[in-house]
>>> print(open('upload_23.pdb').read())   # PDB, C-alpha atoms and all ligand atoms
ATOM      1  CA  MET A 273      -5.836  19.348   2.384
ATOM      2  CA  ILE A 274      -4.528  15.877   1.554
ATOM      3  CA  VAL A 275      -0.842  15.073   1.978
ATOM      4  CA  VAL A 276       0.892  12.076   0.353
ATOM      5  CA  THR A 277       4.358  11.048   1.543
ATOM      6  CA  GLY A 278       6.785   9.180  -0.714
ATOM      7  CA  ALA A 279       4.975  10.915  -3.573
ATOM      8  CA  THR A 280       7.889  10.586  -6.017
ATOM      9  CA  GLY A 281       7.940   6.797  -5.627
ATOM     10  CA  GLN A 282       6.273   4.476  -8.133
ATOM     11  CA  LEU A 283       3.088   4.096  -6.072
ATOM     12  CA  GLY A 284       3.089   7.704  -4.861
ATOM     13  CA  ARG A 285       3.163   9.109  -8.402
ATOM     14  CA  LEU A 286       0.129   7.031  -9.319
ATOM     15  CA  VAL A 287      -1.738   8.136  -6.167
ATOM     16  CA  ILE A 288      -1.135  11.813  -6.990
ATOM     17  CA  GLY A 289      -2.377  11.141 -10.539
ATOM     18  CA  GLU A 290      -5.557   9.513  -9.174
ATOM     19  CA  LEU A 291      -6.177  12.301  -6.651
ATOM     20  CA  LEU A 292      -5.892  14.922  -9.396
ATOM     21  CA  LYS A 293      -8.945  13.347 -11.063
ATOM     22  CA  THR A 294     -11.193  14.302  -8.121
ATOM     23  CA  THR A 295      -9.364  16.914  -6.051
ATOM     24  CA  GLU A 296      -8.120  20.388  -6.922
ATOM     25  CA  ALA A 297      -4.332  20.411  -7.251
ATOM     26  CA  LYS A 298      -3.929  23.201  -4.708
ATOM     27  CA  ASN A 299      -5.514  20.930  -2.081
ATOM     28  CA  ILE A 300      -2.895  18.198  -2.612
ATOM     29  CA  ILE A 301       0.511  18.222  -0.937
ATOM     30  CA  ALA A 302       3.224  15.976  -2.369
ATOM     31  CA  ALA A 303       5.581  15.391   0.574
ATOM     32  CA  VAL A 304       8.851  14.195  -0.918
ATOM     33  CA  ARG A 305      12.440  13.524   0.056
ATOM     34  CA  THR A 306      13.778  15.326  -3.007
ATOM     35  CA  PRO A 307      11.581  18.219  -4.220
ATOM     36  CA  ALA A 308      13.571  18.531  -7.470
ATOM     37  CA  LYS A 309      12.133  15.134  -8.496
ATOM     38  CA  ALA A 310       8.609  16.577  -8.231
ATOM     39  CA  ASN A 311       8.767  19.502 -10.665
ATOM     40  CA  ASP A 312       6.070  17.900 -12.771
ATOM     41  CA  PHE A 313       3.689  17.947  -9.796
ATOM     42  CA  ALA A 314       4.512  21.594  -9.062
ATOM     43  CA  SER A 315       3.802  22.557 -12.660
ATOM     44  CA  ARG A 316       0.328  21.020 -12.290
ATOM     45  CA  GLY A 317      -0.356  23.157  -9.189
ATOM     46  CA  VAL A 318       0.290  20.491  -6.557
ATOM     47  CA  GLN A 319       2.077  21.815  -3.463
ATOM     48  CA  VAL A 320       5.499  20.173  -3.249
ATOM     49  CA  ARG A 321       7.132  20.111   0.183
ATOM     50  CA  GLU A 322      10.282  18.469   1.471
ATOM     51  CA  ALA A 323       9.619  15.580   3.856
ATOM     52  CA  ASP A 324      12.378  13.158   4.808
ATOM     53  CA  TYR A 325      11.274  10.344   7.119
ATOM     54  CA  SER A 326      14.718  10.399   8.724
ATOM     55  CA  GLN A 327      14.685  14.159   9.337
ATOM     56  CA  PRO A 328      11.660  14.756  11.581
ATOM     57  CA  GLU A 329      12.206  18.524  11.485
ATOM     58  CA  THR A 330      11.159  18.524   7.799
ATOM     59  CA  LEU A 331       7.899  16.731   8.544
ATOM     60  CA  ALA A 332       6.161  19.358  10.692
ATOM     61  CA  ALA A 333       6.413  21.987   7.963
ATOM     62  CA  ALA A 334       5.458  19.499   5.261
ATOM     63  CA  PHE A 335       2.215  18.530   6.994
ATOM     64  CA  HIS A 336       1.146  22.066   7.991
ATOM     65  CA  GLY A 337      -2.502  22.662   7.092
ATOM     66  CA  ALA A 338      -3.216  19.046   6.090
ATOM     67  CA  SER A 339      -6.132  17.097   7.549
ATOM     68  CA  ARG A 340      -5.713  13.765   5.733
ATOM     69  CA  LEU A 341      -2.464  11.879   5.216
ATOM     70  CA  LEU A 342      -1.287   8.919   3.173
ATOM     71  CA  LEU A 343       1.866   7.444   4.671
ATOM     72  CA  ILE A 344       3.501   5.404   1.924
ATOM     73  CA  SER A 345       5.760   2.934   3.673
ATOM     74  CA  SER A 346       9.456   3.618   3.300
ATOM     75  CA  ASN A 347      11.635   1.302   1.215
ATOM     76  CA  GLU A 348      14.490   1.531   3.731
ATOM     77  CA  MET A 349      14.080  -1.861   5.390
ATOM     78  CA  GLY A 350      15.261  -2.013   8.983
ATOM     79  CA  LYS A 351      14.735   1.729   9.495
ATOM     80  CA  ARG A 352      11.037   1.826   8.865
ATOM     81  CA  ILE A 353       9.583   1.645  12.379
ATOM     82  CA  GLU A 354      11.457   4.735  13.506
ATOM     83  CA  GLN A 355      10.748   6.563  10.240
ATOM     84  CA  HIS A 356       7.026   5.791  10.275
ATOM     85  CA  ARG A 357       6.704   6.768  13.946
ATOM     86  CA  ALA A 358       8.237  10.135  13.107
ATOM     87  CA  VAL A 359       5.682  10.642  10.332
ATOM     88  CA  ILE A 360       2.739   9.708  12.585
ATOM     89  CA  ASP A 361       3.985  11.955  15.419
ATOM     90  CA  ALA A 362       4.448  14.899  13.043
ATOM     91  CA  ALA A 363       1.039  14.350  11.461
ATOM     92  CA  LYS A 364      -0.680  14.362  14.823
ATOM     93  CA  ALA A 365       1.196  17.469  15.940
ATOM     94  CA  ALA A 366       0.261  19.243  12.689
ATOM     95  CA  GLY A 367      -3.471  18.600  13.219
ATOM     96  CA  VAL A 368      -3.944  15.750  10.730
ATOM     97  CA  THR A 369      -7.053  13.809  11.770
ATOM     98  CA  PHE A 370      -6.990  10.809   9.382
ATOM     99  CA  ALA A 371      -4.000   8.731   8.300
ATOM    100  CA  ALA A 372      -3.966   5.893   5.780
ATOM    101  CA  TYR A 373      -0.927   3.600   5.776
ATOM    102  CA  THR A 374       0.294   1.251   3.033
ATOM    103  CA  SER A 375       0.676  -1.956   5.044
ATOM    104  CA  ILE A 376       1.023  -5.582   3.953
ATOM    105  CA  LEU A 377      -1.658  -8.200   3.214
ATOM    106  CA  HIS A 378      -2.996  -9.922   6.386
ATOM    107  CA  CYS A 379      -0.497  -7.901   8.401
ATOM    108  CA  ASP A 380      -1.541  -9.145  11.840
ATOM    109  CA  THR A 381      -1.376 -12.852  10.939
ATOM    110  CA  SER A 382       1.204 -12.799   8.116
ATOM    111  CA  PRO A 383       4.201 -15.139   8.596
ATOM    112  CA  LEU A 384       6.342 -12.958   6.280
ATOM    113  CA  GLY A 385       9.415 -11.367   7.842
ATOM    114  CA  LEU A 386       8.434  -8.245   5.903
ATOM    115  CA  ALA A 387       5.288  -7.934   8.041
ATOM    116  CA  ALA A 388       7.132  -7.070  11.272
ATOM    117  CA  GLU A 389       7.825  -3.408  10.478
ATOM    118  CA  HIS A 390       4.323  -2.985   9.060
ATOM    119  CA  LEU A 391       2.707  -4.489  12.171
ATOM    120  CA  ALA A 392       4.730  -2.221  14.450
ATOM    121  CA  THR A 393       3.609   0.760  12.355
ATOM    122  CA  GLU A 394      -0.040  -0.309  12.413
ATOM    123  CA  LYS A 395       0.108  -0.642  16.208
ATOM    124  CA  TYR A 396       1.689   2.793  16.539
ATOM    125  CA  LEU A 397      -0.916   4.367  14.286
ATOM    126  CA  LEU A 398      -3.694   2.686  16.293
ATOM    127  CA  SER A 399      -2.243   3.985  19.541
ATOM    128  CA  SER A 400      -1.912   7.523  18.114
ATOM    129  CA  GLY A 401      -5.641   8.128  18.379
ATOM    130  CA  LEU A 402      -5.816   9.334  14.759
ATOM    131  CA  SER A 403      -8.615   8.012  12.602
ATOM    132  CA  TYR A 404      -6.962   5.446  10.307
ATOM    133  CA  SER A 405      -7.166   3.162   7.329
ATOM    134  CA  MET A 406      -4.774   0.237   7.067
ATOM    135  CA  LEU A 407      -4.303  -0.336   3.335
ATOM    136  CA  ARG A 408      -3.000  -3.894   3.572
ATOM    137  CA  ASN A 409      -1.616  -4.151   0.066
ATOM    138  CA  GLY A 410      -0.906  -7.540  -1.464
ATOM    139  CA  TRP A 411       1.889  -8.219  -3.960
ATOM    140  CA  TYR A 412       2.416  -5.929  -6.929
ATOM    141  CA  PHE A 413       2.248  -7.676 -10.317
ATOM    142  CA  GLU A 414       5.213  -5.510 -11.201
ATOM    143  CA  ASN A 415       7.408  -7.401  -8.684
ATOM    144  CA  GLN A 416       7.198 -10.389 -11.000
ATOM    145  CA  THR A 417       6.590  -8.926 -14.438
ATOM    146  CA  ALA A 418       9.809  -6.897 -14.094
ATOM    147  CA  ALA A 419      11.604 -10.231 -14.527
ATOM    148  CA  ILE A 420      10.038 -10.881 -17.939
ATOM    149  CA  PRO A 421      13.026  -9.613 -20.000
ATOM    150  CA  LEU A 422      15.384 -11.874 -18.047
ATOM    151  CA  ALA A 423      12.981 -14.805 -18.338
ATOM    152  CA  LEU A 424      12.821 -14.282 -22.115
ATOM    153  CA  GLN A 425      16.631 -14.330 -22.303
ATOM    154  CA  ARG A 426      16.979 -17.434 -20.142
ATOM    155  CA  GLY A 427      13.817 -19.318 -21.035
ATOM    156  CA  ALA A 428      12.646 -19.444 -17.440
ATOM    157  CA  PHE A 429      11.430 -17.469 -14.468
ATOM    158  CA  ILE A 430      13.036 -18.378 -11.192
ATOM    159  CA  GLY A 431      11.567 -17.997  -7.718
ATOM    160  CA  ALA A 432      10.593 -19.871  -4.578
ATOM    161  CA  THR A 433       6.797 -19.638  -4.699
ATOM    162  CA  GLY A 434       6.307 -23.302  -5.738
ATOM    163  CA  GLN A 435       2.678 -23.900  -6.641
ATOM    164  CA  GLY A 436       1.519 -21.185  -4.234
ATOM    165  CA  ARG A 437      -1.095 -18.811  -5.586
ATOM    166  CA  ILE A 438      -0.510 -15.073  -5.402
ATOM    167  CA  ALA A 439      -3.367 -12.549  -5.410
ATOM    168  CA  ALA A 440      -1.358  -9.769  -7.037
ATOM    169  CA  ALA A 441      -2.765  -6.524  -8.401
ATOM    170  CA  SER A 442      -1.083  -3.700 -10.234
ATOM    171  CA  ARG A 443       0.323  -0.614  -8.526
ATOM    172  CA  SER A 444      -2.337   1.383 -10.331
ATOM    173  CA  ASP A 445      -5.092  -0.693  -8.654
ATOM    174  CA  TYR A 446      -3.616  -0.044  -5.194
ATOM    175  CA  ALA A 447      -3.128   3.648  -6.043
ATOM    176  CA  ALA A 448      -6.760   3.988  -7.096
ATOM    177  CA  ALA A 449      -7.874   2.472  -3.781
ATOM    178  CA  ALA A 450      -5.588   4.766  -1.775
ATOM    179  CA  ALA A 451      -6.936   7.856  -3.558
ATOM    180  CA  ILE A 452     -10.548   6.801  -2.947
ATOM    181  CA  VAL A 453      -9.866   6.180   0.731
ATOM    182  CA  LEU A 454      -8.080   9.535   1.048
ATOM    183  CA  ALA A 455     -10.541  11.696  -0.855
ATOM    184  CA  GLY A 456     -13.713  10.151   0.612
ATOM    185  CA  LYS A 457     -15.032   9.954   4.133
ATOM    186  CA  SER A 458     -16.218   6.335   4.194
ATOM    187  CA  TYR A 459     -13.135   4.537   5.417
ATOM    188  CA  ALA A 460     -12.565   5.932   8.913
ATOM    189  CA  ASN A 461     -10.999   3.296  11.179
ATOM    190  CA  SER A 462     -10.877   0.612   8.494
ATOM    191  CA  VAL A 463      -8.617  -2.351   7.824
ATOM    192  CA  LEU A 464      -8.665  -3.229   4.122
ATOM    193  CA  GLU A 465      -7.149  -6.469   2.821
ATOM    194  CA  LEU A 466      -6.331  -5.321  -0.721
ATOM    195  CA  ALA A 467      -5.373  -7.928  -3.312
ATOM    196  CA  GLY A 468      -6.082  -9.110  -6.838
ATOM    197  CA  ASP A 469      -9.312 -10.855  -7.781
ATOM    198  CA  VAL A 470      -7.723 -13.927  -9.397
ATOM    199  CA  PRO A 471      -4.726 -15.536  -7.657
ATOM    200  CA  TYR A 472      -2.208 -17.248  -9.980
ATOM    201  CA  THR A 473       0.935 -19.365  -9.701
ATOM    202  CA  ARG A 474       4.371 -18.506 -11.087
ATOM    203  CA  SER A 475       3.887 -21.378 -13.591
ATOM    204  CA  GLU A 476       0.728 -19.655 -14.847
ATOM    205  CA  LEU A 477       2.710 -16.428 -15.215
ATOM    206  CA  ALA A 478       5.258 -18.321 -17.328
ATOM    207  CA  GLU A 479       2.447 -19.830 -19.427
ATOM    208  CA  GLU A 480       0.914 -16.402 -20.000
ATOM    209  CA  VAL A 481       4.246 -14.942 -21.115
ATOM    210  CA  SER A 482       4.702 -17.926 -23.470
ATOM    211  CA  ARG A 483       1.208 -17.367 -24.871
ATOM    212  CA  GLN A 484       1.761 -13.654 -25.510
ATOM    213  CA  THR A 485       5.319 -13.900 -26.904
ATOM    214  CA  GLY A 486       5.239 -17.282 -28.647
ATOM    215  CA  LYS A 487       8.433 -18.273 -26.785
ATOM    216  CA  ALA A 488       8.598 -21.295 -24.485
ATOM    217  CA  ILE A 489       9.111 -20.016 -20.932
ATOM    218  CA  GLN A 490       9.242 -22.325 -17.909
ATOM    219  CA  TYR A 491       9.083 -21.713 -14.196
ATOM    220  CA  GLN A 492      12.057 -23.069 -12.263
ATOM    221  CA  ASN A 493      11.407 -23.309  -8.528
ATOM    222  CA  LEU A 494      14.377 -22.851  -6.180
ATOM    223  CA  THR A 495      14.729 -23.467  -2.464
ATOM    224  CA  GLU A 496      14.563 -20.378  -0.269
ATOM    225  CA  ALA A 497      18.334 -20.597   0.330
ATOM    226  CA  GLU A 498      19.107 -20.897  -3.400
ATOM    227  CA  TYR A 499      16.824 -17.985  -4.241
ATOM    228  CA  THR A 500      18.358 -15.845  -1.479
ATOM    229  CA  ARG A 501      21.783 -16.476  -3.022
ATOM    230  CA  VAL A 502      20.578 -15.416  -6.477
ATOM    231  CA  LEU A 503      18.885 -12.262  -5.146
ATOM    232  CA  SER A 504      21.982 -11.356  -3.122
ATOM    233  CA  GLY A 505      23.709 -10.768  -6.457
ATOM    234  CA  PHE A 506      21.786  -7.543  -6.906
ATOM    235  CA  LEU A 507      19.946  -6.725  -3.661
ATOM    236  CA  ALA A 508      21.252  -5.901  -0.176
ATOM    237  CA  ASP A 509      21.419  -9.051   1.981
ATOM    238  CA  LEU A 510      18.552  -7.978   4.266
ATOM    239  CA  HIS A 511      16.330  -7.223   1.270
ATOM    240  CA  ALA A 512      17.287 -10.459  -0.551
ATOM    241  CA  GLY A 513      16.527 -12.543   2.543
ATOM    242  CA  LEU A 514      13.156 -10.898   3.101
ATOM    243  CA  VAL A 515      12.075 -11.313  -0.535
ATOM    244  CA  ALA A 516      13.072 -15.000  -0.564
ATOM    245  CA  ASP A 517      11.316 -15.490   2.792
ATOM    246  CA  ALA A 518       8.169 -13.892   1.348
ATOM    247  CA  GLU A 519       8.293 -16.231  -1.641
ATOM    248  CA  ALA A 520       8.762 -19.308   0.531
ATOM    249  CA  HIS A 521       5.703 -18.329   2.588
ATOM    250  CA  ALA A 522       3.793 -17.557  -0.605
ATOM    251  CA  ALA A 523       4.359 -21.196  -1.573
ATOM    252  CA  ASN A 524       2.090 -21.985   1.389
ATOM    253  CA  GLY A 525      -0.563 -19.431   0.497
ATOM    254  CA  ALA A 526       0.573 -16.384   2.496
ATOM    255  CA  LEU A 527       0.006 -14.010  -0.463
ATOM    256  CA  GLU A 528      -3.379 -15.433  -1.419
ATOM    257  CA  ASP A 529      -6.645 -13.653  -0.641
ATOM    258  CA  ASP A 530     -10.202 -14.142  -1.791
ATOM    259  CA  SER A 531     -11.904 -11.169  -0.148
ATOM    260  CA  HIS A 532     -12.206  -9.075  -3.358
ATOM    261  CA  THR A 533     -11.993  -5.983  -1.159
ATOM    262  CA  LEU A 534      -9.755  -4.148  -3.635
ATOM    263  CA  SER A 535     -12.176  -4.506  -6.541
ATOM    264  CA  ARG A 536     -15.058  -3.440  -4.298
ATOM    265  CA  VAL A 537     -13.198  -0.298  -3.190
ATOM    266  CA  ILE A 538     -12.185   0.723  -6.724
ATOM    267  CA  GLY A 539     -15.507  -0.277  -8.269
ATOM    268  CA  ARG A 540     -14.004  -2.414 -11.038
ATOM    269  CA  PRO A 541     -12.199  -5.750 -11.385
ATOM    270  CA  THR A 542      -8.496  -5.653 -10.565
ATOM    271  CA  THR A 543      -5.907  -5.875 -13.351
ATOM    272  CA  THR A 544      -5.708  -9.427 -14.746
ATOM    273  CA  LEU A 545      -2.573 -11.503 -15.193
ATOM    274  CA  ALA A 546      -2.935 -11.210 -18.976
ATOM    275  CA  GLU A 547      -3.236  -7.411 -18.767
ATOM    276  CA  ALA A 548      -0.245  -7.156 -16.412
ATOM    277  CA  VAL A 549       1.920  -9.237 -18.774
ATOM    278  CA  LYS A 550       0.771  -7.242 -21.802
ATOM    279  CA  SER A 551       1.539  -3.971 -20.080
ATOM    280  CA  ALA A 552       5.013  -5.186 -19.019
ATOM    281  CA  LEU A 553       5.801  -6.384 -22.555
ATOM    282  CA  ASN A 554       4.827  -2.944 -23.862
ATOM    283  CA  THR A 555       7.029  -1.116 -21.347
ATOM    284  CA  PRO A 556      10.384  -0.282 -22.888
ATOM    285  CA  ALA A 557      13.551  -0.896 -20.847
ATOM    286  CA  ASN A 558      11.706  -3.068 -18.367
ATOM    287  CA  THR A 559      13.627  -3.032 -15.065
ATOM    288  CA  HIS A 560      15.494  -6.298 -14.550
ATOM    289  CA  HIS A 561      14.497  -7.905 -11.271
ATOM    290  CA  ALA A 562      14.279 -11.594 -10.437
TER     291      ALA A 562
HETATM  292  N1  LIG B   1       3.153  -4.636  -2.162
HETATM  293  C1  LIG B   1       4.304  -4.892  -2.762
HETATM  294  O1  LIG B   1       4.439  -5.805  -3.571
HETATM  295  C2  LIG B   1       5.459  -4.000  -2.502
HETATM  296  C3  LIG B   1       6.614  -4.143  -3.264
HETATM  297  C4  LIG B   1       7.677  -3.303  -3.009
HETATM  298  C5  LIG B   1       7.560  -2.329  -2.025
HETATM  299  N2  LIG B   1       6.417  -2.202  -1.311
HETATM  300  C6  LIG B   1       6.260  -1.176  -0.249
HETATM  301  O2  LIG B   1       5.411  -0.161  -0.781
HETATM  302  C7  LIG B   1       6.106   1.094  -0.775
HETATM  303  C8  LIG B   1       5.708   1.884  -2.001
HETATM  304  O3  LIG B   1       6.022   1.122  -3.157
HETATM  305  P1  LIG B   1       6.729   1.795  -4.410
HETATM  306  O4  LIG B   1       6.672   0.819  -5.483
HETATM  307  O5  LIG B   1       6.200   3.162  -4.606
HETATM  308  O6  LIG B   1       8.225   1.916  -3.862
HETATM  309  P2  LIG B   1       9.347   2.929  -4.365
HETATM  310  O7  LIG B   1       9.138   3.282  -5.786
HETATM  311  O8  LIG B   1      10.635   2.334  -3.947
HETATM  312  O9  LIG B   1       9.053   4.245  -3.515
HETATM  313  C9  LIG B   1       9.398   4.346  -2.159
HETATM  314  C10 LIG B   1       9.207   5.789  -1.752
HETATM  315  O10 LIG B   1       9.680   5.940  -0.406
HETATM  316  C11 LIG B   1      10.421   7.143  -0.356
HETATM  317  N3  LIG B   1      11.369   7.159   0.739
HETATM  318  C12 LIG B   1      12.307   6.255   1.051
HETATM  319  N4  LIG B   1      13.028   6.673   2.100
HETATM  320  C13 LIG B   1      12.539   7.896   2.420
HETATM  321  C14 LIG B   1      12.863   8.850   3.410
HETATM  322  N5  LIG B   1      13.871   8.653   4.264
HETATM  323  N6  LIG B   1      12.129   9.989   3.460
HETATM  324  C15 LIG B   1      11.114  10.208   2.607
HETATM  325  N7  LIG B   1      10.760   9.352   1.648
HETATM  326  C16 LIG B   1      11.473   8.200   1.558
HETATM  327  C17 LIG B   1      11.139   7.205  -1.693
HETATM  328  O11 LIG B   1      11.588   8.518  -1.948
HETATM  329  P3  LIG B   1      12.463   8.887  -3.257
HETATM  330  O12 LIG B   1      11.459   9.083  -4.375
HETATM  331  O13 LIG B   1      13.147  10.140  -2.860
HETATM  332  O14 LIG B   1      13.395   7.742  -3.504
HETATM  333  C18 LIG B   1      10.013   6.767  -2.618
HETATM  334  O15 LIG B   1       9.204   7.877  -2.927
HETATM  335  C19 LIG B   1       7.584   0.722  -0.698
HETATM  336  O16 LIG B   1       8.339   1.771  -0.124
HETATM  337  C20 LIG B   1       7.544  -0.511   0.173
HETATM  338  O17 LIG B   1       7.421  -0.168   1.543
HETATM  339  C21 LIG B   1       5.367  -3.007  -1.541
END
>>> encode(input="upload_23.pdb", output="structure tokens", more="lines below")
Ligand SMILES: NC(=O)c1ccc[n+]([C@@H]2O[C@H](COP(=O)([O-])OP(=O)(O)OC[C@H]3O[C@@H](n4cnc5c(N)ncnc54)[C@H](OP(=O)(O)O)[C@@H]3O)[C@@H](O)[C@H]2O)c1
Amino acid sequence: MIVVTGATGQLGRLVIGELLKTTEAKNIIAAVRTPAKANDFASRGVQVREADYSQPETLAAAFHGASRLLLISSNEMGKRIEQHRAVIDAAKAAGVTFAAYTSILHCDTSPLGLAAEHLATEKYLLSSGLSYSMLRNGWYFENQTAAIPLALQRGAFIGATGQGRIAAASRSDYAAAAAIVLAGKSYANSVLELAGDVPYTRSELAEEVSRQTGKAIQYQNLTEAEYTRVLSGFLADLHAGLVADAEAHAANGALEDDSHTLSRVIGRPTTTLAEAVKSALNTPANTHHA
């Protein structure tokens, strides 16, 4: 059986959807913090079990009978090393033999502050003796396209990525890769640098939005400190600082990648910038996020 943690999150939902294309529902376990949020999975025959990263006692029961695990990294920054260790310990104790982990692009060499918790998790997973796959996911398009409604109101995107190129892909691309790695047998002990095929700059994002909407949208680059201040208006300070830090490093190429590993794994090109913008413009009530 395959177990997916964080299955009610945005990536987790897509992974379950992908797995259902190739795997019988009864062989999939959605391990979730809040089972009531997973009624739709249960109605499709997926096993829904409570699994809270901060309550290790829930994890043993959640992983019972599973042989392959996807650990979707927690979104609780600062708590993640302890949480992820608990998941890996429980998986090993439950007899899981293979664990895939959603890490960050170029984890072992990345200058991003965000990489620290991922690197500690990768090291712990390596030392666990489980067979592994490090899914080193690059940036989600959705991180930036979520700001389209605000950019349309204000006439500009803001950020701190300068002229740095970002090899983003959509969550659905990363979910497809995770499902393939989980359901197949070919990725034992692998490190996969997963990113979009065609890196782009924030200015190119603004140009694409202008092209598709007919409205003039610019890109206004801020310093890391200025951008941190803006983000602090609606994110916790730790989160705001880490996002601005990531953008400042992206200005120097830290989120670029030309390996094309993601498209090779999923057997198709990754989502293009134009497709990502089109999809965001067609999504009602787009979440506002700078
Ligand atoms: N590559 C990128 O650009 C990028 C961007 C943002 C985040 N990420 C990372 O990728 C992960 C997945 O992305 P996403 O878009 O799916 O994020 P998301 O929608 O925020 O989902 C995060 C998931 O983690 C679960 N979670 C948080 N704390 C938990 C706990 N204590 N116990 C059990 N589950 C817990 C959440 O459960 P609930 O459903 O109960 O809330 C949710 O299912 C994020 O958590 C983050 O580590 C990557």
>>> residues_near_ligand(input="upload_23.pdb", ligand="ligand LIG 1 (chain B)", cutoff="8 Å", atoms="all atoms listed in the file", output="ChimeraX atom specification")
/A:277-285,303-306,309,323-327,344-349,355,374-376,409-415,440,443
>>> closest_residue(input="upload_23.pdb", among="A:Thr495, A:Thr533, A:Gln416, A:Gln484", to="His521 (chain A)", atoms="only C-alpha atoms")
A:Thr495
>>> closest_residue(input="upload_23.pdb", among="A:Ala418, A:Leu402, A:Ala428, A:Leu384", to="Lys487 (chain A)", atoms="only C-alpha atoms")
A:Ala428
>>> resolve_selection(input="upload_23.pdb", expression="the PyMOL selection byres (((chain A and resi 449-457) around 7) and not hetatm)", output="MDAnalysis selection string")
chainID A and resid 287 290:291 340 445:448 458:460 534 537:538
>>> write_last_selection(input="upload_23.pdb", atoms="C-alpha atoms", output="compact mmCIF listing (two decimals), keeping the file's coordinate frame")
# COMPACT_ATOMS: atom_id res chain seq x y z
CA VAL A 287 -1.74 8.14 -6.17
CA GLU A 290 -5.56 9.51 -9.17
CA LEU A 291 -6.18 12.30 -6.65
CA ARG A 340 -5.71 13.76 5.73
CA ASP A 445 -5.09 -0.69 -8.65
CA TYR A 446 -3.62 -0.04 -5.19
CA ALA A 447 -3.13 3.65 -6.04
CA ALA A 448 -6.76 3.99 -7.10
CA SER A 458 -16.22 6.34 4.19
CA TYR A 459 -13.14 4.54 5.42
CA ALA A 460 -12.56 5.93 8.91
CA LEU A 534 -9.76 -4.15 -3.64
CA VAL A 537 -13.20 -0.30 -3.19
CA ILE A 538 -12.18 0.72 -6.72
>>> resolve_selection(input="upload_23.pdb", expression="the PyMOL selection byres (((chain A and resi 328) around 12) and not hetatm)", output="ChimeraX atom specification")
/A:305,322-327,329-335,354-363,365
>>> atom_distance(input="upload_23.pdb", atom1="CA of Ala552 (chain A)", atom2="CA of Glu476 (chain A)")
15.7 Å
>>> residues_near_point(input="upload_23.pdb", point="(4.4, -9.4, 3.7)", cutoff="10 Å", atoms="all atoms listed in the file", output="list in words")
Ser375, Ile376, Leu377, His378, Cys379, Thr381, Ser382, Pro383, Leu384, Gly385, Leu386, Ala387, Ala388, Glu389, His390, Leu391, Arg408, Asn409, Gly410, Trp411, Leu514, Val515, Asp517, Ala518, Glu519, His521, Ala522, Ala526 and Leu527 of chain A
>>> resolve_selection(input="upload_23.pdb", expression="the PyMOL selection byres (((chain A and resi 496) around 9) and not hetatm)", output="VMD selection string")
chain A and resid 431 to 433 494 to 495 497 to 501 513 516 to 517 519 to 520
>>> build_atoms(input="upload_23.pdb", residues="region 475-483 of chain A", atoms="N, CA, C and O atoms", output="PDB file, in the frame of the given file")
ATOM      1  N   SER A 475       3.957 -20.583 -12.348  1.00  0.00           N
ATOM      2  CA  SER A 475       3.887 -21.378 -13.591  1.00  0.00           C
ATOM      3  C   SER A 475       2.865 -20.763 -14.544  1.00  0.00           C
ATOM      4  O   SER A 475       3.075 -20.725 -15.763  1.00  0.00           O
ATOM      5  N   GLU A 476       1.746 -20.292 -13.993  1.00  0.00           N
ATOM      6  CA  GLU A 476       0.728 -19.655 -14.847  1.00  0.00           C
ATOM      7  C   GLU A 476       1.254 -18.347 -15.435  1.00  0.00           C
ATOM      8  O   GLU A 476       0.917 -17.993 -16.566  1.00  0.00           O
ATOM      9  N   LEU A 477       2.071 -17.646 -14.671  1.00  0.00           N
ATOM     10  CA  LEU A 477       2.710 -16.428 -15.215  1.00  0.00           C
ATOM     11  C   LEU A 477       3.589 -16.814 -16.413  1.00  0.00           C
ATOM     12  O   LEU A 477       3.529 -16.185 -17.479  1.00  0.00           O
ATOM     13  N   ALA A 478       4.377 -17.877 -16.241  1.00  0.00           N
ATOM     14  CA  ALA A 478       5.258 -18.321 -17.328  1.00  0.00           C
ATOM     15  C   ALA A 478       4.423 -18.720 -18.556  1.00  0.00           C
ATOM     16  O   ALA A 478       4.767 -18.372 -19.696  1.00  0.00           O
ATOM     17  N   GLU A 479       3.322 -19.426 -18.302  1.00  0.00           N
ATOM     18  CA  GLU A 479       2.447 -19.830 -19.427  1.00  0.00           C
ATOM     19  C   GLU A 479       1.877 -18.610 -20.150  1.00  0.00           C
ATOM     20  O   GLU A 479       1.781 -18.591 -21.375  1.00  0.00           O
ATOM     21  N   GLU A 480       1.501 -17.598 -19.386  1.00  0.00           N
ATOM     22  CA  GLU A 480       0.914 -16.402 -20.000  1.00  0.00           C
ATOM     23  C   GLU A 480       1.953 -15.658 -20.844  1.00  0.00           C
ATOM     24  O   GLU A 480       1.657 -15.173 -21.945  1.00  0.00           O
ATOM     25  N   VAL A 481       3.188 -15.595 -20.340  1.00  0.00           N
ATOM     26  CA  VAL A 481       4.246 -14.942 -21.115  1.00  0.00           C
ATOM     27  C   VAL A 481       4.507 -15.742 -22.392  1.00  0.00           C
ATOM     28  O   VAL A 481       4.670 -15.168 -23.479  1.00  0.00           O
ATOM     29  N   SER A 482       4.521 -17.076 -22.277  1.00  0.00           N
ATOM     30  CA  SER A 482       4.702 -17.926 -23.470  1.00  0.00           C
ATOM     31  C   SER A 482       3.599 -17.644 -24.484  1.00  0.00           C
ATOM     32  O   SER A 482       3.853 -17.500 -25.684  1.00  0.00           O
ATOM     33  N   ARG A 483       2.361 -17.568 -23.980  1.00  0.00           N
ATOM     34  CA  ARG A 483       1.208 -17.367 -24.871  1.00  0.00           C
ATOM     35  C   ARG A 483       1.330 -16.029 -25.612  1.00  0.00           C
ATOM     36  O   ARG A 483       1.117 -15.948 -26.824  1.00  0.00           O
TER      37      ARG A 483
END
